[in-house]
$ cat upload_0.cif   # mmCIF, C-alpha atoms and all ligand atoms
data_upload
loop_
_atom_site.group_PDB
_atom_site.id
_atom_site.type_symbol
_atom_site.label_atom_id
_atom_site.label_comp_id
_atom_site.auth_asym_id
_atom_site.auth_seq_id
_atom_site.Cartn_x
_atom_site.Cartn_y
_atom_site.Cartn_z
ATOM 1 C CA MET K 27 194.613 111.286 26.515
ATOM 2 C CA GLY K 28 193.511 110.447 30.027
ATOM 3 C CA GLN K 29 191.402 111.850 32.818
ATOM 4 C CA LEU K 30 190.010 115.374 32.656
ATOM 5 C CA VAL K 31 187.736 117.113 35.132
ATOM 6 C CA ASN K 32 185.409 119.937 34.213
ATOM 7 C CA LEU K 33 184.392 121.934 37.303
ATOM 8 C CA ASP K 34 181.917 124.697 36.467
ATOM 9 C CA GLY K 35 183.404 125.061 32.989
ATOM 10 C CA VAL K 36 187.094 124.925 33.951
ATOM 11 C CA ILE K 37 188.807 121.846 32.499
ATOM 12 C CA ALA K 38 191.941 120.436 34.166
ATOM 13 C CA PRO K 39 193.466 117.035 35.024
ATOM 14 C CA THR K 40 191.859 117.271 38.457
ATOM 15 C CA ALA K 41 189.771 119.709 40.527
ATOM 16 C CA SER K 42 188.607 120.310 44.108
ATOM 17 C CA VAL K 43 185.426 121.428 45.787
ATOM 18 C CA SER K 44 185.289 122.925 49.262
ATOM 19 C CA VAL K 45 185.162 120.720 52.379
ATOM 20 C CA LEU K 46 182.107 122.824 53.233
ATOM 21 C CA ASP K 47 180.348 121.506 50.132
ATOM 22 C CA ARG K 48 177.263 119.545 51.104
ATOM 23 C CA SER K 49 178.319 116.675 48.831
ATOM 24 C CA PHE K 50 181.348 116.191 51.108
ATOM 25 C CA LEU K 51 179.516 116.798 54.387
ATOM 26 C CA TYR K 52 176.320 114.846 53.685
ATOM 27 C CA GLY K 53 176.490 113.119 50.289
ATOM 28 C CA ASP K 54 174.051 115.846 49.238
ATOM 29 C CA SER K 55 174.509 115.495 45.490
ATOM 30 C CA ILE K 56 173.255 113.592 42.473
ATOM 31 C CA TYR K 57 175.126 111.933 39.630
ATOM 32 C CA GLU K 58 175.018 109.963 36.419
ATOM 33 C CA VAL K 59 177.525 107.679 34.727
ATOM 34 C CA VAL K 60 177.471 107.507 30.940
ATOM 35 C CA ARG K 61 179.792 105.709 28.567
ATOM 36 C CA THR K 62 180.704 106.580 25.015
ATOM 37 C CA PHE K 63 180.250 104.239 22.086
ATOM 38 C CA GLY K 64 182.271 105.141 18.998
ATOM 39 C CA GLY K 65 183.358 108.243 20.956
ATOM 40 C CA LYS K 66 179.774 109.517 21.443
ATOM 41 C CA PRO K 67 177.863 109.411 24.740
ATOM 42 C CA PHE K 68 175.263 106.641 24.628
ATOM 43 C CA GLY K 69 171.792 107.383 26.021
ATOM 44 C CA LEU K 70 172.810 110.878 27.137
ATOM 45 C CA GLN K 71 169.295 112.305 26.959
ATOM 46 C CA GLU K 72 167.945 109.443 29.090
ATOM 47 C CA HIS K 73 170.731 110.049 31.635
ATOM 48 C CA LEU K 74 170.048 113.800 31.720
ATOM 49 C CA ASP K 75 166.338 113.105 32.210
ATOM 50 C CA ARG K 76 167.145 110.818 35.151
ATOM 51 C CA LEU K 77 169.540 113.440 36.577
ATOM 52 C CA ARG K 78 166.614 115.898 36.619
ATOM 53 C CA GLN K 79 164.340 113.322 38.264
ATOM 54 C CA SER K 80 166.977 112.744 40.962
ATOM 55 C CA ALA K 81 167.271 116.530 41.432
ATOM 56 C CA ALA K 82 163.508 116.895 41.807
ATOM 57 C CA TYR K 83 163.508 114.116 44.415
ATOM 58 C CA LEU K 84 166.155 116.053 46.378
ATOM 59 C CA TYR K 85 164.250 119.395 46.043
ATOM 60 C CA LEU K 86 167.304 120.610 44.136
ATOM 61 C CA ASP K 87 167.072 123.080 41.245
ATOM 62 C CA ILE K 88 169.559 122.402 38.461
ATOM 63 C CA PRO K 89 170.399 125.873 37.134
ATOM 64 C CA TRP K 90 171.683 124.668 33.722
ATOM 65 C CA ASP K 91 169.714 123.445 30.730
ATOM 66 C CA ASP K 92 170.507 120.183 28.943
ATOM 67 C CA ALA K 93 172.210 122.023 26.061
ATOM 68 C CA HIS K 94 174.706 123.578 28.487
ATOM 69 C CA ILE K 95 175.514 120.259 30.151
ATOM 70 C CA GLN K 96 175.861 118.587 26.740
ATOM 71 C CA THR K 97 178.237 121.307 25.518
ATOM 72 C CA GLU K 98 180.405 120.953 28.618
ATOM 73 C CA ILE K 99 180.507 117.162 28.161
ATOM 74 C CA GLU K 100 181.489 117.578 24.500
ATOM 75 C CA ARG K 101 184.249 120.077 25.350
ATOM 76 C CA THR K 102 185.679 117.776 28.016
ATOM 77 C CA LEU K 103 185.524 114.714 25.739
ATOM 78 C CA GLN K 104 187.190 116.611 22.928
ATOM 79 C CA GLN K 105 190.055 117.801 25.116
ATOM 80 C CA ALA K 106 190.535 114.354 26.673
ATOM 81 C CA GLY K 107 190.797 112.747 23.227
ATOM 82 C CA ASN K 108 190.129 109.192 24.478
ATOM 83 C CA SER K 109 188.841 106.656 21.977
ATOM 84 C CA GLU K 110 186.148 105.607 24.495
ATOM 85 C CA SER K 111 185.314 107.402 27.727
ATOM 86 C CA TYR K 112 183.621 106.943 31.066
ATOM 87 C CA ILE K 113 181.712 110.162 31.851
ATOM 88 C CA ARG K 114 180.582 110.992 35.389
ATOM 89 C CA ILE K 115 178.244 113.962 35.742
ATOM 90 C CA VAL K 116 177.887 115.220 39.315
ATOM 91 C CA VAL K 117 175.722 118.053 40.609
ATOM 92 C CA THR K 118 176.418 119.077 44.206
ATOM 93 C CA ARG K 119 173.996 121.236 46.137
ATOM 94 C CA GLY K 120 176.923 123.549 46.934
ATOM 95 C CA ALA K 121 178.954 124.891 49.862
ATOM 96 C CA GLN K 122 177.566 126.917 52.739
ATOM 97 C CA GLU K 123 179.186 128.940 55.521
ATOM 98 C CA GLU K 124 177.121 127.431 58.317
ATOM 99 C CA ILE K 125 177.470 123.694 58.935
ATOM 100 C CA GLY K 126 173.957 122.357 59.349
ATOM 101 C CA LEU K 127 171.478 120.027 57.717
ATOM 102 C CA MET K 128 169.171 122.723 56.414
ATOM 103 C CA PRO K 129 170.386 123.929 53.002
ATOM 104 C CA SER K 130 170.826 127.712 52.980
ATOM 105 C CA PRO K 131 168.716 129.483 50.339
ATOM 106 C CA ASP K 132 171.661 131.080 48.497
ATOM 107 C CA LEU K 133 173.528 127.840 47.622
ATOM 108 C CA GLN K 134 175.290 127.665 44.253
ATOM 109 C CA PRO K 135 175.260 124.117 42.853
ATOM 110 C CA HIS K 136 178.437 122.919 41.166
ATOM 111 C CA LEU K 137 178.553 120.964 37.915
ATOM 112 C CA VAL K 138 181.384 118.428 37.764
ATOM 113 C CA ILE K 139 182.128 116.298 34.706
ATOM 114 C CA ILE K 140 184.813 113.632 35.032
ATOM 115 C CA VAL K 141 186.031 111.991 31.836
ATOM 116 C CA ARG K 142 188.294 108.926 31.913
ATOM 117 C CA PRO K 143 189.477 106.434 29.333
ATOM 118 C CA ILE K 144 187.500 103.192 29.300
ATOM 119 C CA SER K 145 188.084 100.005 27.362
ATOM 120 C CA PRO K 146 185.737 99.452 24.420
ATOM 121 C CA GLU K 147 183.248 96.779 25.525
ATOM 122 C CA ARG K 148 182.879 94.845 22.269
ATOM 123 C CA ILE K 149 183.343 91.322 23.627
ATOM 124 C CA LEU K 150 181.000 89.735 26.142
ATOM 125 C CA PRO K 151 183.017 88.716 29.231
ATOM 126 C CA GLN K 152 183.259 84.923 29.236
ATOM 127 C CA GLN K 153 183.945 84.602 32.912
ATOM 128 C CA GLY K 154 180.829 85.211 34.968
ATOM 129 C CA ILE K 155 180.776 86.991 38.307
ATOM 130 C CA ARG K 156 179.790 85.535 41.683
ATOM 131 C CA LEU K 157 176.955 87.140 43.613
ATOM 132 C CA ARG K 158 175.826 86.809 47.183
ATOM 133 C CA VAL K 159 172.363 87.593 48.506
ATOM 134 C CA VAL K 160 173.375 89.694 51.519
ATOM 135 C CA PRO K 161 171.356 90.228 54.710
ATOM 136 C CA ARG K 162 171.640 94.003 54.244
ATOM 137 C CA GLN K 163 168.388 95.255 52.777
ATOM 138 C CA ARG K 164 168.113 97.741 49.943
ATOM 139 C CA VAL K 165 167.118 101.060 51.447
ATOM 140 C CA ALA K 166 163.335 101.483 51.597
ATOM 141 C CA GLN K 167 161.652 103.564 48.915
ATOM 142 C CA LEU K 168 159.944 105.724 51.494
ATOM 143 C CA ALA K 169 163.287 106.389 53.241
ATOM 144 C CA LEU K 170 165.556 107.275 50.284
ATOM 145 C CA ASN K 171 164.144 106.020 47.012
ATOM 146 C CA PRO K 172 166.765 103.946 45.129
ATOM 147 C CA ALA K 173 165.252 105.404 41.941
ATOM 148 C CA ALA K 174 167.072 108.666 42.776
ATOM 149 C CA LYS K 175 170.774 108.422 41.940
ATOM 150 C CA THR K 176 172.213 110.411 44.805
ATOM 151 C CA GLY K 177 175.761 110.816 46.106
ATOM 152 C CA ASN K 178 174.756 108.771 49.148
ATOM 153 C CA TYR K 179 175.738 105.207 48.254
ATOM 154 C CA LEU K 180 176.497 103.872 51.734
ATOM 155 C CA ASN K 181 173.724 101.279 51.524
ATOM 156 C CA ASN K 182 175.384 99.827 48.401
ATOM 157 C CA ILE K 183 178.955 100.229 49.728
ATOM 158 C CA LEU K 184 178.145 98.232 52.866
ATOM 159 C CA ALA K 185 176.397 95.514 50.864
ATOM 160 C CA LEU K 186 179.408 95.288 48.533
ATOM 161 C CA LEU K 187 181.861 95.059 51.460
ATOM 162 C CA GLU K 188 179.770 92.307 53.014
ATOM 163 C CA ALA K 189 179.584 90.356 49.741
ATOM 164 C CA ARG K 190 183.369 90.654 49.310
ATOM 165 C CA GLN K 191 183.962 89.500 52.905
ATOM 166 C CA ASN K 192 182.067 86.368 51.905
ATOM 167 C CA GLY K 193 184.123 85.726 48.791
ATOM 168 C CA ALA K 194 181.632 87.061 46.218
ATOM 169 C CA ASP K 195 182.254 89.776 43.629
ATOM 170 C CA ASP K 196 179.026 91.687 44.218
ATOM 171 C CA ALA K 197 175.906 91.679 46.373
ATOM 172 C CA LEU K 198 172.251 91.140 45.579
ATOM 173 C CA MET K 199 169.971 93.006 47.953
ATOM 174 C CA LEU K 200 166.423 92.156 49.001
ATOM 175 C CA ASN K 201 163.824 94.713 50.072
ATOM 176 C CA SER K 202 161.931 94.580 53.366
ATOM 177 C CA GLN K 203 159.318 92.283 51.747
ATOM 178 C CA GLY K 204 162.009 89.760 50.803
ATOM 179 C CA GLU K 205 161.870 90.620 47.104
ATOM 180 C CA LEU K 206 165.011 90.771 44.963
ATOM 181 C CA THR K 207 165.980 94.321 44.063
ATOM 182 C CA GLU K 208 169.377 94.813 42.404
ATOM 183 C CA ALA K 209 173.145 94.502 42.744
ATOM 184 C CA THR K 210 175.204 97.381 44.145
ATOM 185 C CA THR K 211 175.671 99.190 40.813
ATOM 186 C CA SER K 212 173.627 97.182 38.346
ATOM 187 C CA ASN K 213 170.215 95.686 37.620
ATOM 188 C CA LEU K 214 169.456 91.963 37.788
ATOM 189 C CA TRP K 215 168.093 89.690 35.054
ATOM 190 C CA LEU K 216 167.144 86.001 35.403
ATOM 191 C CA ILE K 217 166.324 83.720 32.491
ATOM 192 C CA SER K 218 164.397 80.483 32.726
ATOM 193 C CA GLN K 219 162.599 78.514 30.021
ATOM 194 C CA GLY K 220 163.050 81.259 27.457
ATOM 195 C CA VAL K 221 161.521 84.013 29.636
ATOM 196 C CA VAL K 222 163.636 86.987 30.719
ATOM 197 C CA ARG K 223 162.675 88.386 34.142
ATOM 198 C CA THR K 224 163.855 91.467 35.995
ATOM 199 C CA PRO K 225 162.630 92.959 39.293
ATOM 200 C CA ALA K 226 159.825 95.483 38.764
ATOM 201 C CA VAL K 227 160.499 99.122 39.698
ATOM 202 C CA GLU K 228 158.004 98.674 42.553
ATOM 203 C CA ALA K 229 160.631 96.526 44.336
ATOM 204 C CA GLY K 230 162.689 99.698 44.912
ATOM 205 C CA ILE K 231 165.515 99.886 42.372
ATOM 206 C CA LEU K 232 167.368 102.373 40.244
ATOM 207 C CA HIS K 233 165.547 102.571 36.923
ATOM 208 C CA GLY K 234 168.671 101.636 34.965
ATOM 209 C CA ILE K 235 169.153 103.203 31.560
ATOM 210 C CA THR K 236 170.647 99.933 30.288
ATOM 211 C CA ARG K 237 167.602 98.171 31.756
ATOM 212 C CA TYR K 238 165.379 100.597 29.809
ATOM 213 C CA PHE K 239 167.197 99.876 26.529
ATOM 214 C CA LEU K 240 167.152 96.116 27.195
ATOM 215 C CA LEU K 241 163.382 96.169 27.760
ATOM 216 C CA LYS K 242 162.995 98.067 24.489
ATOM 217 C CA LEU K 243 165.175 95.472 22.754
ATOM 218 C CA LEU K 244 163.217 92.568 24.254
ATOM 219 C CA ARG K 245 159.995 94.097 22.907
ATOM 220 C CA GLN K 246 161.559 94.645 19.465
ATOM 221 C CA LEU K 247 162.875 91.087 19.319
ATOM 222 C CA GLY K 248 159.582 89.634 20.568
ATOM 223 C CA ILE K 249 161.325 87.790 23.425
ATOM 224 C CA PRO K 250 158.988 86.908 26.315
ATOM 225 C CA HIS K 251 159.896 89.016 29.346
ATOM 226 C CA GLU K 252 158.465 90.260 32.634
ATOM 227 C CA GLU K 253 159.111 93.088 35.062
ATOM 228 C CA ILE K 254 157.923 91.259 38.099
ATOM 229 C CA SER K 255 158.205 90.702 41.846
ATOM 230 C CA LEU K 256 160.925 88.064 42.289
ATOM 231 C CA ARG K 257 161.830 86.259 45.477
ATOM 232 C CA ALA K 258 165.253 84.704 46.097
ATOM 233 C CA GLU K 259 163.781 81.269 45.242
ATOM 234 C CA ALA K 260 163.475 82.423 41.607
ATOM 235 C CA ILE K 261 167.260 82.232 41.426
ATOM 236 C CA TRP K 262 167.353 78.477 41.962
ATOM 237 C CA SER K 263 165.388 77.744 38.780
ATOM 238 C CA ALA K 264 167.263 80.214 36.562
ATOM 239 C CA GLU K 265 169.285 78.767 33.688
ATOM 240 C CA GLU K 266 171.221 81.942 33.131
ATOM 241 C CA ALA K 267 171.539 85.361 34.737
ATOM 242 C CA PHE K 268 173.274 88.636 34.070
ATOM 243 C CA LEU K 269 173.620 92.152 35.459
ATOM 244 C CA SER K 270 173.254 95.345 33.440
ATOM 245 C CA SER K 271 174.819 98.781 33.820
ATOM 246 C CA SER K 272 176.004 101.646 31.653
ATOM 247 C CA VAL K 273 179.656 100.996 32.435
ATOM 248 C CA ARG K 274 179.852 97.228 32.058
ATOM 249 C CA LEU K 275 176.782 96.746 29.844
ATOM 250 C CA LEU K 276 175.980 93.069 30.468
ATOM 251 C CA MET K 277 177.865 90.914 32.954
ATOM 252 C CA PRO K 278 177.134 87.195 32.910
ATOM 253 C CA VAL K 279 176.591 85.706 36.365
ATOM 254 C CA ALA K 280 178.333 82.400 37.130
ATOM 255 C CA GLN K 281 177.155 81.849 40.672
ATOM 256 C CA ILE K 282 174.641 83.170 43.214
ATOM 257 C CA ASP K 283 175.352 81.964 46.750
ATOM 258 C CA ASP K 284 175.977 78.203 46.358
ATOM 259 C CA TYR K 285 174.016 77.917 43.121
ATOM 260 C CA SER K 286 176.008 77.678 39.870
ATOM 261 C CA LEU K 287 174.059 78.947 36.887
ATOM 262 C CA PRO K 288 173.885 76.072 34.359
ATOM 263 C CA LYS K 289 174.780 78.375 31.428
ATOM 264 C CA CYS K 290 177.280 81.227 31.664
ATOM 265 C CA PRO K 291 177.192 83.172 29.475
ATOM 266 C CA GLY K 292 173.965 81.619 28.256
ATOM 267 C CA PRO K 293 172.408 81.926 24.790
ATOM 268 C CA MET K 294 169.912 84.642 25.846
ATOM 269 C CA THR K 295 172.707 86.726 27.378
ATOM 270 C CA ARG K 296 174.655 86.411 24.105
ATOM 271 C CA THR K 297 171.642 87.426 22.007
ATOM 272 C CA LEU K 298 170.924 90.460 24.188
ATOM 273 C CA TRP K 299 174.592 91.457 24.243
ATOM 274 C CA GLN K 300 174.698 91.539 20.443
ATOM 275 C CA GLY K 301 171.312 93.293 20.300
ATOM 276 C CA LEU K 302 172.501 95.943 22.749
ATOM 277 C CA LEU K 303 175.703 96.597 20.800
ATOM 278 C CA ASP K 304 173.684 96.964 17.586
ATOM 279 C CA LEU K 305 171.298 99.363 19.333
ATOM 280 C CA MET K 306 174.205 101.416 20.713
ATOM 281 C CA GLN K 307 175.762 101.552 17.271
ATOM 282 C CA GLU K 308 172.483 102.675 15.724
ATOM 283 C CA GLN K 309 171.779 105.331 18.386
ATOM 284 C CA THR K 310 175.258 106.876 18.376
ATOM 285 C CA GLN K 311 175.736 106.816 14.608
ATOM 286 C CA TYR K 312 173.564 109.852 13.972
ATOM 287 C CA ALA K 313 174.016 111.515 17.364
HETATM 288 C C1 LIG K 401 172.174 100.819 42.230
HETATM 289 C C2 LIG K 401 172.279 100.757 40.755
HETATM 290 N N1 LIG K 401 171.426 99.975 40.074
HETATM 291 C C3 LIG K 401 171.481 99.878 38.725
HETATM 292 C C4 LIG K 401 172.428 100.571 37.993
HETATM 293 C C5 LIG K 401 172.466 100.452 36.486
HETATM 294 O O1 LIG K 401 171.962 101.623 35.916
HETATM 295 P P1 LIG K 401 172.419 102.137 34.484
HETATM 296 O O2 LIG K 401 172.050 101.066 33.522
HETATM 297 O O3 LIG K 401 171.641 103.389 34.290
HETATM 298 O O4 LIG K 401 173.893 102.371 34.521
HETATM 299 C C6 LIG K 401 173.342 101.402 38.659
HETATM 300 C C7 LIG K 401 174.334 102.149 37.914
HETATM 301 O O5 LIG K 401 175.148 102.838 38.423
HETATM 302 C C8 LIG K 401 173.258 101.505 40.073
HETATM 303 O O6 LIG K 401 174.107 102.278 40.765
#
$ encode --input "upload_0.cif" --output "structure tokens"
Amino acid sequence: MGQLVNLDGVIAPTASVSVLDRSFLYGDSIYEVVRTFGGKPFGLQEHLDRLRQSAAYLYLDIPWDDAHIQTEIERTLQQAGNSESYIRIVVTRGAQEEIGLMPSPDLQPHLVIIVRPISPERILPQQGIRLRVVPRQRVAQLALNPAAKTGNYLNNILALLEARQNGADDALMLNSQGELTEATTSNLWLISQGVVRTPAVEAGILHGITRYFLLKLLRQLGIPHEEISLRAEAIWSAEEAFLSSSVRLLMPVAQIDDYSLPKCPGPMTRTLWQGLLDLMQEQTQYA
């Protein structure tokens, strides 16, 4: 039980890629983070689809089909033997002899799968996190689209450092139009007067897989919701808020800047938490 790394099919407690790999030199890679539920990867197909979209955005050909990647994930999970696992799938563009920005045509991408034990998220955290709307903008869509999950996370790292320097747990970033985008590794949700709102993809965000399943759930449950352009002012009328991600699922938000959310975790967050767990159970049962 513990961490295992699968590098191009070889499974070991750890592994190394060359310092000439473009992931090391330039962050020239893509990745996905998936978690298991009942030991089975949740939303794996959706994650693999997004991995391919990120690859296409980077003009990178993934030389393996989904079945191969799935088999390698299964083998690594089986050998690790954790009850629940964090799974990180990384594809690097590969190593080249010449150091230079232009990828050489004969590059061999590497497939890395990191499996680690993770605690089973069956109880909604009762203590909310504190967010800060930081001056650092989310990178522009036309510069490096946040919808592509690349190995270049400096924009998010700097925002996180700046939020922490100001006593918050995580950052909320605005785009150049002053619209709310997302936190550094999760999507944002605000609830007021029974309506659940989340920034639209047009704001420039990662199209979160948890966000996708939550939207599906909201439709199924008939809960009023909007994917919409939100400005920071929308925060001040929210009754509850939470973040969503594959690793932490839903995280209630206690405070944004100096504003304390009146309910944390609020009733809508609780309903969606239970709905998401039920959906995960349902989806992984027959996987
Ligand atoms: C910037 C960013 N936004 C949102 C998310 C949430 O996405 P998902 O639900 O697919 O984990 C992540 C997850 O890593 C992220 O890095």
$ residues_near_ligand --input "upload_0.cif" --ligand "ligand LIG 401 (chain K)" --cutoff "6 Å" --atoms "all atoms listed in the file" --output "PyMOL selection string"
chain K and resi 210-213+232+234-237+270-272
$ atom_distance --input "upload_0.cif" --atom1 "CA of Glu253 (chain K)" --atom2 "CA of Thr207 (chain K)"
11.4 Å
$ resolve_selection --input "upload_0.cif" --expression "the PyMOL selection byres (((chain K and resi 68) around 10) and not hetatm)" --output "compact mmCIF listing (two decimals) with C-alpha atoms, keeping the file's coordinate frame"
# COMPACT_ATOMS: atom_id res chain seq x y z
CA VAL K 60 177.47 107.51 30.94
CA ARG K 61 179.79 105.71 28.57
CA THR K 62 180.70 106.58 25.02
CA PHE K 63 180.25 104.24 22.09
CA GLY K 64 182.27 105.14 19.00
CA GLY K 65 183.36 108.24 20.96
CA LYS K 66 179.77 109.52 21.44
CA PRO K 67 177.86 109.41 24.74
CA GLY K 69 171.79 107.38 26.02
CA LEU K 70 172.81 110.88 27.14
CA GLN K 71 169.30 112.30 26.96
CA GLU K 72 167.94 109.44 29.09
CA HIS K 73 170.73 110.05 31.64
CA ILE K 235 169.15 103.20 31.56
CA THR K 236 170.65 99.93 30.29
CA SER K 272 176.00 101.65 31.65
CA LEU K 305 171.30 99.36 19.33
CA MET K 306 174.20 101.42 20.71
CA GLN K 307 175.76 101.55 17.27
CA GLN K 309 171.78 105.33 18.39
CA THR K 310 175.26 106.88 18.38
CA ALA K 313 174.02 111.52 17.36
$ resolve_selection --input "upload_0.cif" --expression "the PyMOL selection byres (((chain K and resi 166) around 12) and not hetatm)" --output "VMD selection string"
chain K and resid 162 to 165 167 to 174 181 199 to 205 207 228 to 231
$ closest_atom_pairs --input "upload_0.cif" --of "region 49-150 of chain K" --to "region 273-297 of chain K" --cutoff "9 Å" --atoms "all atoms listed in the file" --output "tab-separated table"
residue	atom	partner	partner_atom	distance
K:Val59	CA	K:Val273	CA	7.4
K:Val60	CA	K:Val273	CA	7.0
K:Arg61	CA	K:Val273	CA	6.1
K:Tyr112	CA	K:Val273	CA	7.3
K:Ile144	CA	K:Val273	CA	8.7
K:Glu147	CA	K:Arg274	CA	7.4
K:Leu150	CA	K:Leu276	CA	7.4
$ write_last_selection --input "upload_0.cif" --atoms "C-alpha atoms" --output "PDB file, in the frame of the given file"
ATOM      1  CA  VAL K  59     177.525 107.679  34.727  1.00  0.00           C
ATOM      2  CA  VAL K  60     177.471 107.507  30.940  1.00  0.00           C
ATOM      3  CA  ARG K  61     179.792 105.709  28.567  1.00  0.00           C
ATOM      4  CA  TYR K 112     183.621 106.943  31.066  1.00  0.00           C
ATOM      5  CA  ILE K 144     187.500 103.192  29.300  1.00  0.00           C
ATOM      6  CA  GLU K 147     183.248  96.779  25.525  1.00  0.00           C
ATOM      7  CA  LEU K 150     181.000  89.735  26.142  1.00  0.00           C
TER       8      LEU K 150
END
$ residues_around --input "upload_0.cif" --residues "Leu86 (chain K)" --least-positions-apart "5" --cutoff "12 Å" --atoms "all atoms listed in the file" --output "list in words"
Asp54, Ser55, Ile56, Leu77, Arg78, Gln79, Ser80, Ala81, Val117, Thr118, Arg119, Gly120, Pro129, Ser130, Pro131, Leu133, Gln134, Pro135, His136 and Thr176 of chain K
$ residues_around --input "upload_0.cif" --residues "Arg245 (chain K)" --least-positions-apart "6" --cutoff "12 Å" --atoms "all atoms listed in the file" --output "list in words"
Val222, Tyr238, Phe239, His251, Glu252, Leu298 and Gly301 of chain K
$ resolve_selection --input "upload_0.cif" --expression "the PyMOL selection byres (((chain K and resi 95) around 10) and not hetatm)" --output "mmCIF file with C-alpha atoms, keeping the file's coordinate frame"
data_model
loop_
_atom_site.group_PDB
_atom_site.id
_atom_site.type_symbol
_atom_site.label_atom_id
_atom_site.label_comp_id
_atom_site.auth_asym_id
_atom_site.auth_seq_id
_atom_site.Cartn_x
_atom_site.Cartn_y
_atom_site.Cartn_z
ATOM 1 C CA GLY K 35 183.404 125.061 32.989
ATOM 2 C CA LEU K 74 170.048 113.800 31.720
ATOM 3 C CA TRP K 90 171.683 124.668 33.722
ATOM 4 C CA ASP K 91 169.714 123.445 30.730
ATOM 5 C CA ASP K 92 170.507 120.183 28.943
ATOM 6 C CA ALA K 93 172.210 122.023 26.061
ATOM 7 C CA HIS K 94 174.706 123.578 28.487
ATOM 8 C CA GLN K 96 175.861 118.587 26.740
ATOM 9 C CA THR K 97 178.237 121.307 25.518
ATOM 10 C CA GLU K 98 180.405 120.953 28.618
ATOM 11 C CA ILE K 99 180.507 117.162 28.161
ATOM 12 C CA GLU K 100 181.489 117.578 24.500
ATOM 13 C CA ARG K 101 184.249 120.077 25.350
ATOM 14 C CA ILE K 115 178.244 113.962 35.742
ATOM 15 C CA LEU K 137 178.553 120.964 37.915
ATOM 16 C CA VAL K 138 181.384 118.428 37.764
ATOM 17 C CA ILE K 139 182.128 116.298 34.706
#
$ closest_residue --input "upload_0.cif" --among "K:Leu243, K:Ala209, K:Glu265, K:Lys175" --to "Val116 (chain K)" --atoms "only C-alpha atoms"
K:Lys175
$ closest_residue --input "upload_0.cif" --among "K:Glu188, K:Glu266, K:Glu123, K:Asp75" --to "Gly154 (chain K)" --atoms "all atoms listed in the file"
K:Glu266
$ closest_residue --input "upload_0.cif" --among "K:Arg148, K:Arg190, K:His233, K:Arg156" --to "Trp299 (chain K)" --atoms "all atoms listed in the file"
K:Arg148
$ closest_residue --input "upload_0.cif" --among "K:Asn178, K:Leu241, K:Ile113, K:Ile140" --to "Phe50 (chain K)" --atoms "all atoms listed in the file"
K:Asn178
$ closest_residue --input "upload_0.cif" --among "K:Leu302, K:Ala264, K:Ala82, K:Ile183" --to "Leu240 (chain K)" --atoms "all atoms listed in the file"
K:Leu302
$ atom_distance --input "upload_0.cif" --atom1 "CA of Ser263 (chain K)" --atom2 "CA of Trp215 (chain K)"
12.8 Å
$ atom_distance --input "upload_0.cif" --atom1 "CA of Arg76 (chain K)" --atom2 "CA of Asp196 (chain K)"
24.3 Å
$ residues_around --input "upload_0.cif" --residues "Thr102 (chain K)" --least-positions-apart "5" --cutoff "7 Å" --atoms "only C-alpha atoms" --output "list in words"
Leu30, Asn32, Ile37 and Val141 of chain K
$ write_last_selection --input "upload_0.cif" --atoms "C-alpha atoms" --output "mmCIF file, in the frame of the given file"
data_model
loop_
_atom_site.group_PDB
_atom_site.id
_atom_site.type_symbol
_atom_site.label_atom_id
_atom_site.label_comp_id
_atom_site.auth_asym_id
_atom_site.auth_seq_id
_atom_site.Cartn_x
_atom_site.Cartn_y
_atom_site.Cartn_z
ATOM 1 C CA LEU K 30 190.010 115.374 32.656
ATOM 2 C CA ASN K 32 185.409 119.937 34.213
ATOM 3 C CA ILE K 37 188.807 121.846 32.499
ATOM 4 C CA VAL K 141 186.031 111.991 31.836
#
$ axis_aligned_box --input "upload_0.cif" --around "region 80-93 of chain K" --padding-each-side "4 Å" --output "lines of an AutoDock Vina configuration file"
center_x = 167.9
center_y = 119.3
center_z = 36.2
size_x = 16.7
size_y = 21.1
size_z = 28.3
$ residues_near_point --input "upload_0.cif" --point "(182.0, 87.7, 40.6)" --cutoff "6 Å" --atoms "all atoms listed in the file" --output "list in words"
Ile155, Arg156, Leu157, Ala194 and Asp195 of chain K
$ write_last_selection --input "upload_0.cif" --atoms "C-alpha atoms" --output "PDB file, in the frame of the given file"
ATOM      1  CA  ILE K 155     180.776  86.991  38.307  1.00  0.00           C
ATOM      2  CA  ARG K 156     179.790  85.535  41.683  1.00  0.00           C
ATOM      3  CA  LEU K 157     176.955  87.140  43.613  1.00  0.00           C
ATOM      4  CA  ALA K 194     181.632  87.061  46.218  1.00  0.00           C
ATOM      5  CA  ASP K 195     182.254  89.776  43.629  1.00  0.00           C
TER       6      ASP K 195
END
$ build_atoms --input "upload_0.cif" --residues "region 299-303 of chain K" --atoms "N, CA and C atoms" --output "PDB file, in the frame of the given file"
ATOM      1  N   TRP K 299     173.319  90.724  24.364  1.00  0.00           N
ATOM      2  CA  TRP K 299     174.592  91.457  24.243  1.00  0.00           C
ATOM      3  C   TRP K 299     174.740  92.000  22.823  1.00  0.00           C
ATOM      4  N   GLN K 300     174.553  91.115  21.832  1.00  0.00           N
ATOM      5  CA  GLN K 300     174.698  91.539  20.443  1.00  0.00           C
ATOM      6  C   GLN K 300     173.633  92.586  20.094  1.00  0.00           C
ATOM      7  N   GLY K 301     172.407  92.355  20.565  1.00  0.00           N
ATOM      8  CA  GLY K 301     171.312  93.293  20.300  1.00  0.00           C
ATOM      9  C   GLY K 301     171.624  94.663  20.892  1.00  0.00           C
ATOM     10  N   LEU K 302     172.186  94.671  22.096  1.00  0.00           N
ATOM     11  CA  LEU K 302     172.501  95.943  22.749  1.00  0.00           C
ATOM     12  C   LEU K 302     173.606  96.688  21.998  1.00  0.00           C
ATOM     13  N   LEU K 303     174.627  95.943  21.564  1.00  0.00           N
ATOM     14  CA  LEU K 303     175.703  96.597  20.800  1.00  0.00           C
ATOM     15  C   LEU K 303     175.154  97.203  19.505  1.00  0.00           C
TER      16      LEU K 303
END
